[in-house]
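Student: Handing over start09.cif, mmCIF, C-alpha atoms.
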data_data
#
loop_
_atom_site.label_atom_id
_atom_site.label_comp_id
_atom_site.auth_asym_id
_atom_site.auth_seq_id
_atom_site.Cartn_x
_atom_site.Cartn_y
_atom_site.Cartn_z
CA MET A 1 -19.52 -42.57 89.58
CA SER A 2 -17.62 -45.67 88.44
CA GLN A 3 -13.91 -46.00 89.08
CA ALA A 4 -13.48 -46.83 85.38
CA SER A 5 -14.58 -43.28 84.53
CA LEU A 6 -11.87 -41.71 86.67
CA THR A 7 -8.54 -40.44 85.40
CA ILE A 8 -5.81 -40.77 88.03
CA ARG A 9 -2.29 -39.68 87.12
CA PRO A 10 0.66 -37.55 88.23
CA MET A 11 -0.17 -33.87 87.86
CA ARG A 12 1.66 -31.69 85.35
CA ALA A 13 2.70 -28.06 85.57
CA ASP A 14 0.19 -27.19 82.84
CA ASP A 15 -2.74 -28.61 84.83
CA ASP A 16 -5.15 -26.16 86.44
CA LEU A 17 -3.33 -25.49 89.71
CA ASP A 18 -6.02 -23.04 90.83
CA ALA A 19 -8.49 -25.93 90.75
CA GLU A 20 -6.25 -27.83 93.16
CA ILE A 21 -6.01 -24.82 95.48
CA ASP A 22 -9.79 -24.40 95.33
CA LEU A 23 -10.16 -28.08 96.23
CA ARG A 24 -7.78 -27.57 99.14
CA HIS A 25 -9.85 -24.56 100.30
CA ARG A 26 -13.10 -26.54 100.17
CA SER A 27 -11.54 -29.53 101.95
CA PHE A 28 -9.42 -27.95 104.68
CA GLY A 29 -10.65 -24.37 105.05
CA PRO A 30 -9.43 -20.95 103.87
CA MET A 31 -5.80 -19.90 103.45
CA ASP A 32 -4.26 -16.47 103.59
CA MET A 33 -2.16 -15.32 100.64
CA ALA A 34 1.15 -16.35 102.22
CA ASN A 35 -0.07 -19.89 102.91
CA ARG A 36 -1.66 -20.10 99.47
CA GLU A 37 1.66 -19.23 97.85
CA TYR A 38 3.54 -21.69 100.07
CA TRP A 39 1.05 -24.43 99.10
CA ARG A 40 1.49 -23.62 95.40
CA GLU A 41 5.29 -23.78 95.70
CA GLU A 42 5.15 -27.11 97.48
CA MET A 43 2.73 -28.45 94.87
CA LEU A 44 5.01 -27.35 92.01
CA GLN A 45 7.97 -28.99 93.74
CA CYS A 46 6.07 -32.28 94.03
CA ILE A 47 4.80 -32.03 90.44
CA ALA A 48 8.35 -31.55 89.15
CA VAL A 49 9.41 -34.91 90.58
CA GLY A 50 6.16 -36.79 89.92
CA ARG A 51 4.94 -36.98 93.52
CA GLN A 52 1.66 -35.04 93.14
CA PHE A 53 -1.35 -37.04 91.93
CA GLY A 54 -4.65 -35.76 90.64
CA THR A 55 -8.01 -37.39 90.00
CA TRP A 56 -10.48 -36.17 87.36
CA ASP A 57 -14.04 -37.27 86.62
CA ASP A 58 -15.40 -38.05 83.16
CA ARG A 59 -16.13 -34.34 82.59
CA GLY A 60 -12.51 -33.40 83.20
CA GLN A 61 -13.22 -31.84 86.61
CA MET A 62 -10.54 -32.25 89.27
CA ILE A 63 -12.16 -34.07 92.19
CA GLY A 64 -9.19 -35.34 94.19
CA THR A 65 -5.48 -34.87 94.82
CA ALA A 66 -2.75 -36.37 96.98
CA ARG A 67 1.02 -36.06 97.23
CA TYR A 68 3.91 -37.71 98.98
CA HIS A 69 7.24 -36.44 100.26
CA ASP A 70 10.62 -38.11 99.86
CA MET A 71 11.75 -38.85 103.41
CA GLN A 72 14.04 -40.99 105.54
CA GLN A 73 12.48 -42.42 108.69
CA TYR A 74 14.75 -43.55 111.52
CA TRP A 75 14.18 -46.87 113.28
CA HIS A 76 16.52 -47.61 116.17
CA GLY A 77 18.84 -45.06 114.62
CA ARG A 78 18.91 -46.47 111.08
CA PRO A 79 17.27 -44.60 108.16
CA VAL A 80 14.66 -46.33 106.02
CA ARG A 81 13.32 -44.80 102.81
CA MET A 82 9.80 -43.52 103.51
CA ALA A 83 7.07 -41.78 101.51
CA GLY A 84 5.21 -39.25 103.66
CA VAL A 85 1.69 -38.89 102.25
CA GLY A 86 -0.12 -35.56 102.66
CA GLY A 87 -2.67 -33.25 101.08
CA VAL A 88 -5.16 -36.07 100.48
CA LYS A 89 -8.53 -34.59 99.59
CA VAL A 90 -11.69 -35.39 97.64
CA ALA A 91 -14.23 -32.81 96.49
CA PRO A 92 -17.23 -32.75 98.87
CA GLU A 93 -19.65 -33.55 96.07
CA ALA A 94 -17.64 -36.65 95.06
CA ARG A 95 -17.19 -38.21 98.51
CA GLY A 96 -18.59 -41.61 99.38
CA ARG A 97 -18.24 -42.90 95.81
CA GLY A 98 -14.91 -44.70 96.00
CA VAL A 99 -12.84 -41.81 94.62
CA GLY A 100 -10.53 -41.63 97.62
CA ARG A 101 -9.89 -45.35 97.67
CA ALA A 102 -9.16 -45.47 93.95
CA MET A 103 -6.75 -42.54 94.22
CA MET A 104 -4.96 -43.95 97.28
CA THR A 105 -4.69 -47.38 95.64
CA ALA A 106 -2.93 -45.77 92.67
CA LEU A 107 -0.65 -43.80 95.01
CA LEU A 108 0.12 -46.91 97.06
CA ARG A 109 1.25 -48.85 94.01
CA GLU A 110 3.25 -45.90 92.68
CA MET A 111 5.16 -45.52 95.94
CA ALA A 112 5.92 -49.24 96.03
CA GLU A 113 7.10 -49.21 92.41
CA ARG A 114 9.39 -46.27 93.17
CA GLY A 115 11.22 -48.33 95.79
CA TYR A 116 9.94 -46.86 99.05
CA ALA A 117 10.07 -49.35 101.92
CA LEU A 118 7.56 -47.50 104.12
CA SER A 119 4.78 -44.95 103.92
CA VAL A 120 3.46 -42.72 106.70
CA LEU A 121 0.45 -40.42 106.84
CA TYR A 122 -1.66 -38.47 109.31
CA PRO A 123 -5.27 -39.60 108.87
CA ALA A 124 -8.28 -37.30 108.89
CA THR A 125 -10.23 -40.56 108.98
CA ALA A 126 -8.63 -43.96 109.48
CA ARG A 127 -11.13 -46.23 107.74
CA ILE A 128 -10.01 -45.72 104.14
CA TYR A 129 -6.33 -46.04 105.01
CA ARG A 130 -6.87 -49.15 107.11
CA SER A 131 -8.69 -50.71 104.18
CA LEU A 132 -5.44 -50.29 102.19
CA GLY A 133 -3.04 -51.58 104.86
CA TRP A 134 -2.00 -48.51 106.87
CA GLU A 135 -2.29 -48.83 110.65
CA LEU A 136 -1.93 -46.57 113.69
CA ALA A 137 1.70 -46.68 114.70
CA GLY A 138 2.93 -43.69 116.72
CA GLY A 139 2.29 -40.20 117.99
CA ASN A 140 3.15 -36.60 117.23
CA TYR A 141 3.76 -34.85 120.56
CA ARG A 142 3.95 -31.29 121.77
CA ALA A 143 5.35 -29.99 125.05
CA GLU A 144 4.13 -26.84 126.74
CA VAL A 145 6.21 -24.99 129.31
CA PRO A 146 5.77 -21.54 130.88
CA GLY A 147 8.30 -18.96 129.77
CA ARG A 148 9.27 -18.31 133.39
CA THR A 149 10.32 -21.97 133.74
CA LEU A 150 12.65 -21.78 130.75
CA GLY A 151 14.20 -18.74 132.35
CA ALA A 152 15.51 -20.97 135.13
CA LEU A 153 16.96 -24.02 133.42
CA LEU A 154 18.68 -26.52 135.69
CA GLY A 155 22.44 -26.65 135.89
CA PRO A 156 25.17 -24.24 134.91
CA ASP A 157 25.89 -23.03 131.42
CA LEU A 158 28.09 -25.83 130.03
CA GLY A 159 30.19 -23.49 127.98
CA PRO A 160 30.08 -21.82 124.58
CA VAL A 161 28.85 -23.66 121.53
CA GLU A 162 29.53 -22.39 118.03
CA VAL A 163 26.10 -21.63 116.58
CA HIS A 164 25.15 -19.70 113.45
CA ARG A 165 21.91 -18.64 111.85
CA ALA A 166 20.88 -21.30 109.35
CA THR A 167 20.04 -20.30 105.78
CA PRO A 168 18.58 -22.26 102.86
CA GLU A 169 22.16 -23.03 101.79
CA ASP A 170 22.52 -25.06 105.02
CA ALA A 171 19.79 -27.54 104.05
CA GLU A 172 22.09 -30.51 103.51
CA ALA A 173 23.97 -29.76 106.74
CA VAL A 174 20.69 -29.56 108.69
CA ILE A 175 19.59 -32.93 107.31
CA ALA A 176 22.97 -34.48 108.20
CA VAL A 177 22.92 -33.10 111.75
CA LEU A 178 19.36 -34.27 112.41
CA GLY A 179 20.17 -37.70 110.99
CA ALA A 180 23.25 -37.99 113.21
CA VAL A 181 21.22 -37.06 116.30
CA HIS A 182 18.51 -39.64 115.52
CA THR A 183 21.16 -42.28 114.87
CA ARG A 184 22.97 -41.63 118.12
CA ALA A 185 19.73 -41.61 120.13
CA ARG A 186 18.49 -44.79 118.39
CA ASP A 187 15.22 -42.98 117.74
CA CYS A 188 12.19 -44.74 116.30
CA GLY A 189 9.95 -42.76 113.97
CA PRO A 190 11.48 -39.30 113.38
CA ALA A 191 12.09 -38.45 109.75
CA THR A 192 14.13 -36.09 107.62
CA ARG A 193 12.99 -34.55 104.35
CA ASP A 194 14.70 -33.98 101.01
CA PRO A 195 17.01 -30.94 100.57
CA ALA A 196 14.56 -28.98 98.41
CA SER A 197 11.87 -29.17 101.10
CA VAL A 198 14.31 -28.18 103.84
CA ARG A 199 15.54 -25.22 101.77
CA ARG A 200 11.98 -23.94 101.43
CA TRP A 201 11.43 -24.37 105.16
CA LEU A 202 14.60 -22.49 106.07
CA ALA A 203 13.61 -19.67 103.72
CA ASP A 204 10.53 -18.85 105.80
CA PRO A 205 11.13 -15.28 107.08
CA ASP A 206 9.14 -16.02 110.24
CA LEU A 207 11.38 -18.96 111.18
CA PHE A 208 14.45 -18.40 113.32
CA SER A 209 16.86 -21.29 112.86
CA TYR A 210 20.30 -22.02 114.28
CA LEU A 211 22.79 -24.71 113.36
CA ALA A 212 25.57 -26.15 115.52
CA GLU A 213 28.02 -28.94 114.75
CA ASP A 214 25.77 -31.44 116.51
CA GLY A 215 22.45 -29.68 116.88
CA PHE A 216 19.70 -27.69 115.19
CA LEU A 217 17.02 -25.28 116.43
CA ALA A 218 14.07 -23.78 114.55
CA TYR A 219 11.35 -21.69 116.18
CA GLY A 220 9.03 -18.75 115.67
CA TRP A 221 6.20 -16.81 117.22
CA LEU A 222 3.02 -18.88 117.36
CA GLY A 223 0.49 -17.43 114.94
CA ASP A 224 -0.13 -13.74 115.53
CA SER A 225 0.79 -13.97 119.21
CA ASP A 226 3.72 -12.07 120.67
CA LYS A 227 3.43 -14.03 123.92
CA ALA A 228 3.86 -17.61 122.65
CA ILE A 229 6.68 -19.38 120.82
CA LEU A 230 6.55 -22.62 118.85
CA VAL A 231 9.78 -24.62 118.71
CA GLU A 232 9.40 -26.58 115.49
CA ALA A 233 12.66 -28.46 115.97
CA LEU A 234 15.31 -28.69 118.68
CA GLN A 235 17.58 -31.69 118.40
CA ALA A 236 21.09 -31.98 119.81
CA GLY A 237 23.72 -34.69 120.12
CA SER A 238 25.40 -33.54 123.36
CA PRO A 239 24.40 -32.04 126.73
CA ARG A 240 26.32 -28.86 125.96
CA THR A 241 24.52 -28.25 122.67
CA THR A 242 21.15 -29.20 124.17
CA SER A 243 21.69 -26.59 126.88
CA ALA A 244 22.97 -23.96 124.44
CA LEU A 245 20.00 -24.29 122.07
CA TRP A 246 17.40 -24.25 124.84
CA ARG A 247 19.09 -21.15 126.29
CA ILE A 248 18.50 -19.37 122.97
CA VAL A 249 14.79 -20.11 123.36
CA ALA A 250 14.93 -19.17 127.05
CA SER A 251 16.39 -15.78 126.16
CA HIS A 252 12.80 -14.80 125.30
CA ALA A 253 11.50 -15.74 128.76
CA SER A 254 10.93 -12.14 129.84
CA VAL A 255 8.47 -11.51 127.00
CA THR A 256 7.05 -15.00 126.47
CA GLU A 257 4.22 -16.45 128.50
CA VAL A 258 4.39 -19.98 127.07
CA VAL A 259 6.64 -22.03 124.83
CA HIS A 260 5.28 -24.93 122.77
CA ALA A 261 7.76 -27.45 121.37
CA ASN A 262 7.55 -30.40 119.00
CA VAL A 263 9.34 -33.12 120.96
CA GLY A 264 9.53 -36.85 121.47
CA PRO A 265 7.93 -38.45 124.55
CA ALA A 266 11.33 -38.75 126.27
CA ASP A 267 12.75 -35.37 125.27
CA PRO A 268 15.29 -34.02 127.81
CA LEU A 269 13.30 -30.78 128.24
CA THR A 270 11.36 -32.38 131.10
CA TRP A 271 14.61 -33.02 132.95
CA LEU A 272 16.15 -29.63 132.17
CA THR A 273 13.56 -27.45 133.88
CA SER A 274 13.76 -26.48 137.53
CA GLU A 275 10.05 -27.07 138.13
CA ALA A 276 7.77 -29.90 137.00
CA ASP A 277 5.97 -27.51 134.66
CA VAL A 278 6.39 -29.33 131.36
CA SER A 279 3.17 -30.85 130.04
CA LEU A 280 3.19 -33.28 127.13
CA THR A 281 0.28 -33.88 124.77
CA ARG A 282 -0.11 -36.26 121.89
CA LEU A 283 -1.55 -33.99 119.23
CA ARG A 284 -2.01 -36.59 116.50
CA HIS A 285 -1.67 -40.26 115.76
CA TRP A 286 0.09 -41.27 112.55
CA MET A 287 -0.28 -44.41 110.46
CA LEU A 288 2.38 -46.63 108.92
CA ARG A 289 2.27 -48.86 105.84
CA VAL A 290 5.01 -51.34 104.89
CA LEU A 291 5.45 -51.17 101.11
CA ASP A 292 8.43 -53.52 100.79
CA PRO A 293 8.78 -55.89 103.77
CA VAL A 294 12.25 -57.13 102.78
CA ALA A 295 13.71 -53.63 102.42
CA ALA A 296 11.86 -52.42 105.53
CA ILE A 297 13.41 -55.11 107.73
CA GLU A 298 16.89 -54.86 106.20
CA GLY A 299 16.93 -51.09 106.65
CA ARG A 300 15.54 -51.02 110.20
CA GLY A 301 17.66 -51.03 113.31
CA PHE A 302 16.91 -53.38 116.21
CA PRO A 303 17.96 -53.55 119.87
CA ALA A 304 21.56 -54.75 119.95
CA ALA A 305 20.91 -57.65 122.33
CA ALA A 306 17.72 -58.86 120.64
CA GLN A 307 17.77 -62.09 118.64
CA ALA A 308 15.15 -63.97 116.65
CA SER A 309 14.80 -66.55 113.92
CA MET A 310 11.29 -67.56 112.90
CA GLN A 311 8.84 -67.92 110.09
CA LEU A 312 6.26 -65.25 109.29
CA GLN A 313 3.30 -65.55 106.96
CA LEU A 314 2.40 -62.24 105.31
CA SER A 315 -0.70 -61.42 103.28
CA ASP A 316 -1.23 -58.22 101.31
CA PRO A 317 -4.25 -57.99 98.98
CA ASP A 318 -3.31 -54.57 97.55
CA LEU A 319 0.39 -55.36 97.04
CA PRO A 320 0.17 -59.12 96.37
CA ALA A 321 3.88 -59.42 95.54
CA ASN A 322 4.55 -58.94 99.27
CA ALA A 323 2.53 -62.01 100.29
CA GLY A 324 4.21 -65.26 101.23
CA CYS A 325 6.17 -67.17 103.82
CA TYR A 326 9.34 -65.48 105.10
CA ARG A 327 12.19 -66.22 107.46
CA LEU A 328 12.84 -63.36 109.90
CA ALA A 329 16.33 -63.24 111.38
CA VAL A 330 17.52 -60.57 113.84
CA ALA A 331 20.92 -60.38 115.54
CA ALA A 332 23.51 -57.73 116.49
CA GLY A 333 21.12 -54.85 115.83
CA LYS A 334 20.28 -55.81 112.24
CA GLY A 335 17.60 -57.91 110.60
CA SER A 336 16.76 -59.74 107.40
CA LEU A 337 13.58 -61.07 105.85
CA THR A 338 13.97 -63.72 103.15
CA ARG A 339 11.48 -65.78 101.20
CA ASP A 340 11.23 -69.22 102.78
CA GLU A 341 10.24 -71.52 99.93
CA THR A 342 12.08 -74.58 101.22
CA GLU A 343 9.87 -75.18 104.24
CA PRO A 344 6.10 -75.41 103.84
CA PRO A 345 4.12 -73.08 106.11
CA ALA A 346 3.27 -74.87 109.31
CA ASN A 347 2.17 -73.98 112.79
CA SER A 348 3.34 -76.36 115.46
CA ALA A 349 5.32 -76.36 118.67
CA SER A 350 8.53 -76.81 116.69
CA ASN A 351 7.61 -74.30 113.97
CA PRO A 352 5.43 -71.49 115.40
CA LEU A 353 4.33 -69.64 112.27
CA VAL A 354 2.97 -66.14 113.00
CA ALA A 355 0.64 -64.58 110.42
CA PHE A 356 0.03 -60.89 109.68
CA GLY A 357 -1.88 -58.85 107.18
CA PRO A 358 -0.44 -55.48 106.15
CA ARG A 359 -2.05 -53.63 109.07
CA GLY A 360 -0.73 -56.04 111.67
CA PHE A 361 2.76 -56.12 110.18
CA ALA A 362 2.91 -52.29 110.08
CA ALA A 363 1.87 -52.04 113.73
CA LEU A 364 4.38 -54.73 114.74
CA TYR A 365 7.12 -52.87 112.86
CA ALA A 366 6.30 -49.74 114.87
CA GLY A 367 6.56 -51.55 118.20
CA VAL A 368 2.91 -52.30 119.03
CA PRO A 369 2.97 -55.31 121.44
CA MET A 370 1.83 -58.70 120.21
CA ALA A 371 -0.81 -58.93 122.95
CA THR A 372 -2.40 -55.76 121.56
CA LEU A 373 -2.24 -57.06 117.99
CA ARG A 374 -3.84 -60.35 118.97
CA ALA A 375 -6.61 -58.62 120.93
CA ALA A 376 -7.31 -56.43 117.87
CA GLY A 377 -7.35 -59.43 115.53
CA LEU A 378 -4.22 -58.27 113.68
CA ALA A 379 -2.01 -61.31 114.40
CA ALA A 380 -2.64 -65.04 114.36
CA GLY A 381 -0.72 -68.29 114.86
CA GLY A 382 2.50 -68.74 116.75
CA ASP A 383 2.87 -69.15 120.49
CA GLN A 384 3.96 -67.25 123.58
CA ASP A 385 7.65 -67.75 122.84
CA ALA A 386 7.22 -66.30 119.36
CA ASP A 387 5.30 -63.34 120.80
CA ALA A 388 8.03 -62.69 123.37
CA ALA A 389 10.71 -62.76 120.67
CA LEU A 390 8.78 -60.39 118.39
CA ASP A 391 8.08 -57.98 121.24
CA THR A 392 11.79 -57.91 122.06
CA VAL A 393 13.13 -57.32 118.57
CA PHE A 394 10.49 -54.77 117.50
CA ALA A 395 10.39 -52.87 120.81
CA ALA A 396 9.99 -49.15 120.03
CA GLN A 397 8.49 -45.93 121.33
CA SER A 398 7.49 -44.50 117.97
CA PHE A 399 7.07 -40.77 117.38
CA LEU A 400 7.29 -38.15 114.64
CA LEU A 401 8.44 -34.59 115.18
CA ASP A 402 6.85 -32.87 112.18
CA TYR A 403 3.48 -32.81 110.50
CA PHE A 404 2.86 -33.18 106.77
#
Would you give me this structure, written as structure tokens?

Tutor:
Amino acid sequence: MSQASLTIRPMRADDDLDAEIDLRHRSFGPMDMANREYWREEMLQCIAVGRQFGTWDDRGQMIGTARYHDMQQYWHGRPVRMAGVGGVKVAPEARGRGVGRAMMTALLREMAERGYALSVLYPATARIYRSLGWELAGGNYRAEVPGRTLGALLGPDLGPVEVHRATPEDAEAVIAVLGAVHTRARDCGPATRDPASVRRWLADPDLFSYLAEDGFLAYGWLGDSDKAILVEALQAGSPRTTSALWRIVASHASVTEVVHANVGPADPLTWLTSEADVSLTRLRHWMLRVLDPVAAIEGRGFPAAAQASMQLQLSDPDLPANAGCYRLAVAAGKGSLTRDETEPPANSASNPLVAFGPRGFAALYAGVPMATLRAAGLAAGGDQDADAALDTVFAAQSFLLDYF
């Protein structure tokens, strides 16, 4: 199958949506009727705004699809526009023929043209995404704690917090509260979605969600179990709200054997429990791709005391407009990346030029140490001083709280 014979384009509402659902079934396994309907609604939402792509062979058969979500990813507390890629699948009979790479190349260029600075995805296999510039960047973590432990949280009740059940009409408020929490905590990696997606999430009848002035909680029973709870989100901007929201979850302690929670690696839950019963597991690794290096650096936050001024040489075969020599400047928590056409690229003691391809630059952006990048062959040039400066300004413990 030649790539020239493929048709790759945004899907339309009059396309055969059942063919896409069948492809999803064959790729990821069966769905019950509720999940099938949820998938269809999400697909229609993405189609309406041009974020769902399909691939057809020369017989008009759908053999691949992919979508991306409109998101804001926080880096040291500052939001950067990010496209969250999901639902990537190729028909089993068409795999190994370049279909996936052709489709992802088209999606990559579309996301860049639409002005996204970053893209994130969870890989089923990393090879194809690495070949297009994505690289492993951070983790998606889950805590597990016995219900009895939550029933004995440390410290006194810090007082009442005004909390109300969240409804789909609260979508914008939920996004604002989560963004404020990530900003205050100077988080690296967590993301918020667009209002339409949050409204659909809050409309789930099996989700119990609560909104406070500076916090948000969403949880439900895990699968068909009446003995396990999954906390999909619990983020708060103050000790009082943190305590109040966890106490809502803990109110189920008498009937819950275990609570699972989507958290960051330094979530306060570990320090709230009376016993050292909280276990933390990295469920998945996610990959990052820088689509627009200038916008990605200008939007990102940096440690307030970190400073740097140096040349970087970037290459990017699939987005060649990104390639070139740049001047990186970081000070007072902000950064800039500007084309450096006045000085020819050079690597010397007085001008330590560091070079990255798209994979290396994505990993650096996410806080992977320079020693690791050099050992993996993802960085070249420069010297120890340059490495120390880059490690300082890009320092991050990167994590995502949701899965897409």

Student: For Gly357 (chain A), which of A:Ala173, A:Leu132, A:Ala261, A:Val181 is the closest residue, counting only C-alpha atoms?

Tutor: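 Smallest separation from Gly357 (chain A) among the options: A:Leu132.
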
Student: Apply the PyMOL selection byres ((chain A and resi 111-123) around 6) to the file shown and report the selected residues as a PDB file with C-alpha atoms, keeping the file's coordinate frame.

Tutor:
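Result file is selection_20.pdb:
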ATOM      1  CA  ARG A  81      13.320 -44.800 102.810  1.00  0.00           C
ATOM      2  CA  MET A  82       9.800 -43.520 103.510  1.00  0.00           C
ATOM      3  CA  ALA A  83       7.070 -41.780 101.510  1.00  0.00           C
ATOM      4  CA  GLY A  84       5.210 -39.250 103.660  1.00  0.00           C
ATOM      5  CA  VAL A  85       1.690 -38.890 102.250  1.00  0.00           C
ATOM      6  CA  LEU A 108       0.120 -46.910  97.060  1.00  0.00           C
ATOM      7  CA  ARG A 109       1.250 -48.850  94.010  1.00  0.00           C
ATOM      8  CA  GLU A 110       3.250 -45.900  92.680  1.00  0.00           C
ATOM      9  CA  ALA A 124      -8.280 -37.300 108.890  1.00  0.00           C
ATOM     10  CA  THR A 125     -10.230 -40.560 108.980  1.00  0.00           C
ATOM     11  CA  ALA A 126      -8.630 -43.960 109.480  1.00  0.00           C
ATOM     12  CA  TRP A 286       0.090 -41.270 112.550  1.00  0.00           C
ATOM     13  CA  MET A 287      -0.280 -44.410 110.460  1.00  0.00           C
ATOM     14  CA  LEU A 288       2.380 -46.630 108.920  1.00  0.00           C
ATOM     15  CA  ARG A 289       2.270 -48.860 105.840  1.00  0.00           C
ATOM     16  CA  VAL A 290       5.010 -51.340 104.890  1.00  0.00           C
ATOM     17  CA  LEU A 291       5.450 -51.170 101.110  1.00  0.00           C
ATOM     18  CA  ASP A 292       8.430 -53.520 100.790  1.00  0.00           C
ATOM     19  CA  ALA A 295      13.710 -53.630 102.420  1.00  0.00           C
ATOM     20  CA  ALA A 296      11.860 -52.420 105.530  1.00  0.00           C
TER      21      ALA A 296
END

Student: Since I can't run it myself right now, could you work out what the PyMOL selection byres ((chain A and resi 175) around 12) selects here and report it as a PDB file with C-alpha atoms, in the frame of the given file?

Tutor:
ATOM      1  CA  MET A  71      11.750 -38.850 103.410  1.00  0.00           C
ATOM      2  CA  GLN A  72      14.040 -40.990 105.540  1.00  0.00           C
ATOM      3  CA  GLN A  73      12.480 -42.420 108.690  1.00  0.00           C
ATOM      4  CA  PRO A  79      17.270 -44.600 108.160  1.00  0.00           C
ATOM      5  CA  ALA A 166      20.880 -21.300 109.350  1.00  0.00           C
ATOM      6  CA  PRO A 168      18.580 -22.260 102.860  1.00  0.00           C
ATOM      7  CA  GLU A 169      22.160 -23.030 101.790  1.00  0.00           C
ATOM      8  CA  ASP A 170      22.520 -25.060 105.020  1.00  0.00           C
ATOM      9  CA  ALA A 171      19.790 -27.540 104.050  1.00  0.00           C
ATOM     10  CA  GLU A 172      22.090 -30.510 103.510  1.00  0.00           C
ATOM     11  CA  ALA A 173      23.970 -29.760 106.740  1.00  0.00           C
ATOM     12  CA  VAL A 174      20.690 -29.560 108.690  1.00  0.00           C
ATOM     13  CA  ALA A 176      22.970 -34.480 108.200  1.00  0.00           C
ATOM     14  CA  VAL A 177      22.920 -33.100 111.750  1.00  0.00           C
ATOM     15  CA  LEU A 178      19.360 -34.270 112.410  1.00  0.00           C
ATOM     16  CA  GLY A 179      20.170 -37.700 110.990  1.00  0.00           C
ATOM     17  CA  ALA A 180      23.250 -37.990 113.210  1.00  0.00           C
ATOM     18  CA  VAL A 181      21.220 -37.060 116.300  1.00  0.00           C
ATOM     19  CA  HIS A 182      18.510 -39.640 115.520  1.00  0.00           C
ATOM     20  CA  PRO A 190      11.480 -39.300 113.380  1.00  0.00           C
ATOM     21  CA  ALA A 191      12.090 -38.450 109.750  1.00  0.00           C
ATOM     22  CA  THR A 192      14.130 -36.090 107.620  1.00  0.00           C
ATOM     23  CA  ARG A 193      12.990 -34.550 104.350  1.00  0.00           C
ATOM     24  CA  ASP A 194      14.700 -33.980 101.010  1.00  0.00           C
ATOM     25  CA  PRO A 195      17.010 -30.940 100.570  1.00  0.00           C
ATOM     26  CA  ALA A 196      14.560 -28.980  98.410  1.00  0.00           C
ATOM     27  CA  SER A 197      11.870 -29.170 101.100  1.00  0.00           C
ATOM     28  CA  VAL A 198      14.310 -28.180 103.840  1.00  0.00           C
ATOM     29  CA  ARG A 199      15.540 -25.220 101.770  1.00  0.00           C
ATOM     30  CA  LEU A 202      14.600 -22.490 106.070  1.00  0.00           C
ATOM     31  CA  LEU A 211      22.790 -24.710 113.360  1.00  0.00           C
ATOM     32  CA  GLU A 213      28.020 -28.940 114.750  1.00  0.00           C
ATOM     33  CA  ASP A 214      25.770 -31.440 116.510  1.00  0.00           C
ATOM     34  CA  GLY A 215      22.450 -29.680 116.880  1.00  0.00           C
ATOM     35  CA  PHE A 216      19.700 -27.690 115.190  1.00  0.00           C
ATOM     36  CA  ALA A 233      12.660 -28.460 115.970  1.00  0.00           C
ATOM     37  CA  GLN A 235      17.580 -31.690 118.400  1.00  0.00           C
TER      38      GLN A 235
END

Student: Report as a short mmCIF file (atom, residue, chain, number, x, y, z; two decimals) with C-alpha atoms, in the coordinates of the input the residues that result from applying the PyMOL selection byres ((chain A and resi 365) around 9) to the structure here.

Tutor:
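part-v3.cif, written as the output of this step:
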data_model
loop_
_atom_site.label_atom_id
_atom_site.label_comp_id
_atom_site.auth_asym_id
_atom_site.auth_seq_id
_atom_site.Cartn_x
_atom_site.Cartn_y
_atom_site.Cartn_z
CA ALA A 137 1.70 -46.68 114.70
CA LEU A 288 2.38 -46.63 108.92
CA VAL A 290 5.01 -51.34 104.89
CA ALA A 296 11.86 -52.42 105.53
CA ILE A 297 13.41 -55.11 107.73
CA GLY A 360 -0.73 -56.04 111.67
CA PHE A 361 2.76 -56.12 110.18
CA ALA A 362 2.91 -52.29 110.08
CA ALA A 363 1.87 -52.04 113.73
CA LEU A 364 4.38 -54.73 114.74
CA ALA A 366 6.30 -49.74 114.87
CA GLY A 367 6.56 -51.55 118.20
CA VAL A 368 2.91 -52.30 119.03
CA PHE A 394 10.49 -54.77 117.50
CA ALA A 395 10.39 -52.87 120.81
CA ALA A 396 9.99 -49.15 120.03
#

Student: Tell me which protein, DNA and RNA residues are within 9 Å of Leu153 (chain A), counting all atoms listed in the file, leaving out same-chain ones fewer than 3 positions away, and put them as a PDB file with C-alpha atoms, in the frame of the given file.

Tutor:
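Output contents, as saved in part.pdb:
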ATOM      1  CA  THR A 149      10.320 -21.970 133.740  1.00  0.00           C
ATOM      2  CA  LEU A 150      12.650 -21.780 130.750  1.00  0.00           C
ATOM      3  CA  PRO A 156      25.170 -24.240 134.910  1.00  0.00           C
ATOM      4  CA  SER A 243      21.690 -26.590 126.880  1.00  0.00           C
ATOM      5  CA  TRP A 246      17.400 -24.250 124.840  1.00  0.00           C
ATOM      6  CA  ARG A 247      19.090 -21.150 126.290  1.00  0.00           C
ATOM      7  CA  ALA A 250      14.930 -19.170 127.050  1.00  0.00           C
ATOM      8  CA  LEU A 272      16.150 -29.630 132.170  1.00  0.00           C
ATOM      9  CA  THR A 273      13.560 -27.450 133.880  1.00  0.00           C
ATOM     10  CA  SER A 274      13.760 -26.480 137.530  1.00  0.00           C
ATOM     11  CA  GLU A 275      10.050 -27.070 138.130  1.00  0.00           C
TER      12      GLU A 275
END

Student: So which residues are close to (8.0, -66.0, 124.0), meaning at most 12 Å away in the file's coordinates with all atoms listed in the file counted, and can you show them as JSON, numbers by chain?

Tutor: {"A": [307, 308, 310, 349, 352, 370, 371, 382, 383, 384, 385, 386, 387, 388, 389, 390, 391, 392, 393]}

Student: Give the answer as one residue: which of A:Ala13, A:Ala253, A:Leu378, A:Leu400 has the shortest atom-to-atom distance to Lys227 (chain A), using only C-alpha atoms?

Tutor: A:Ala253
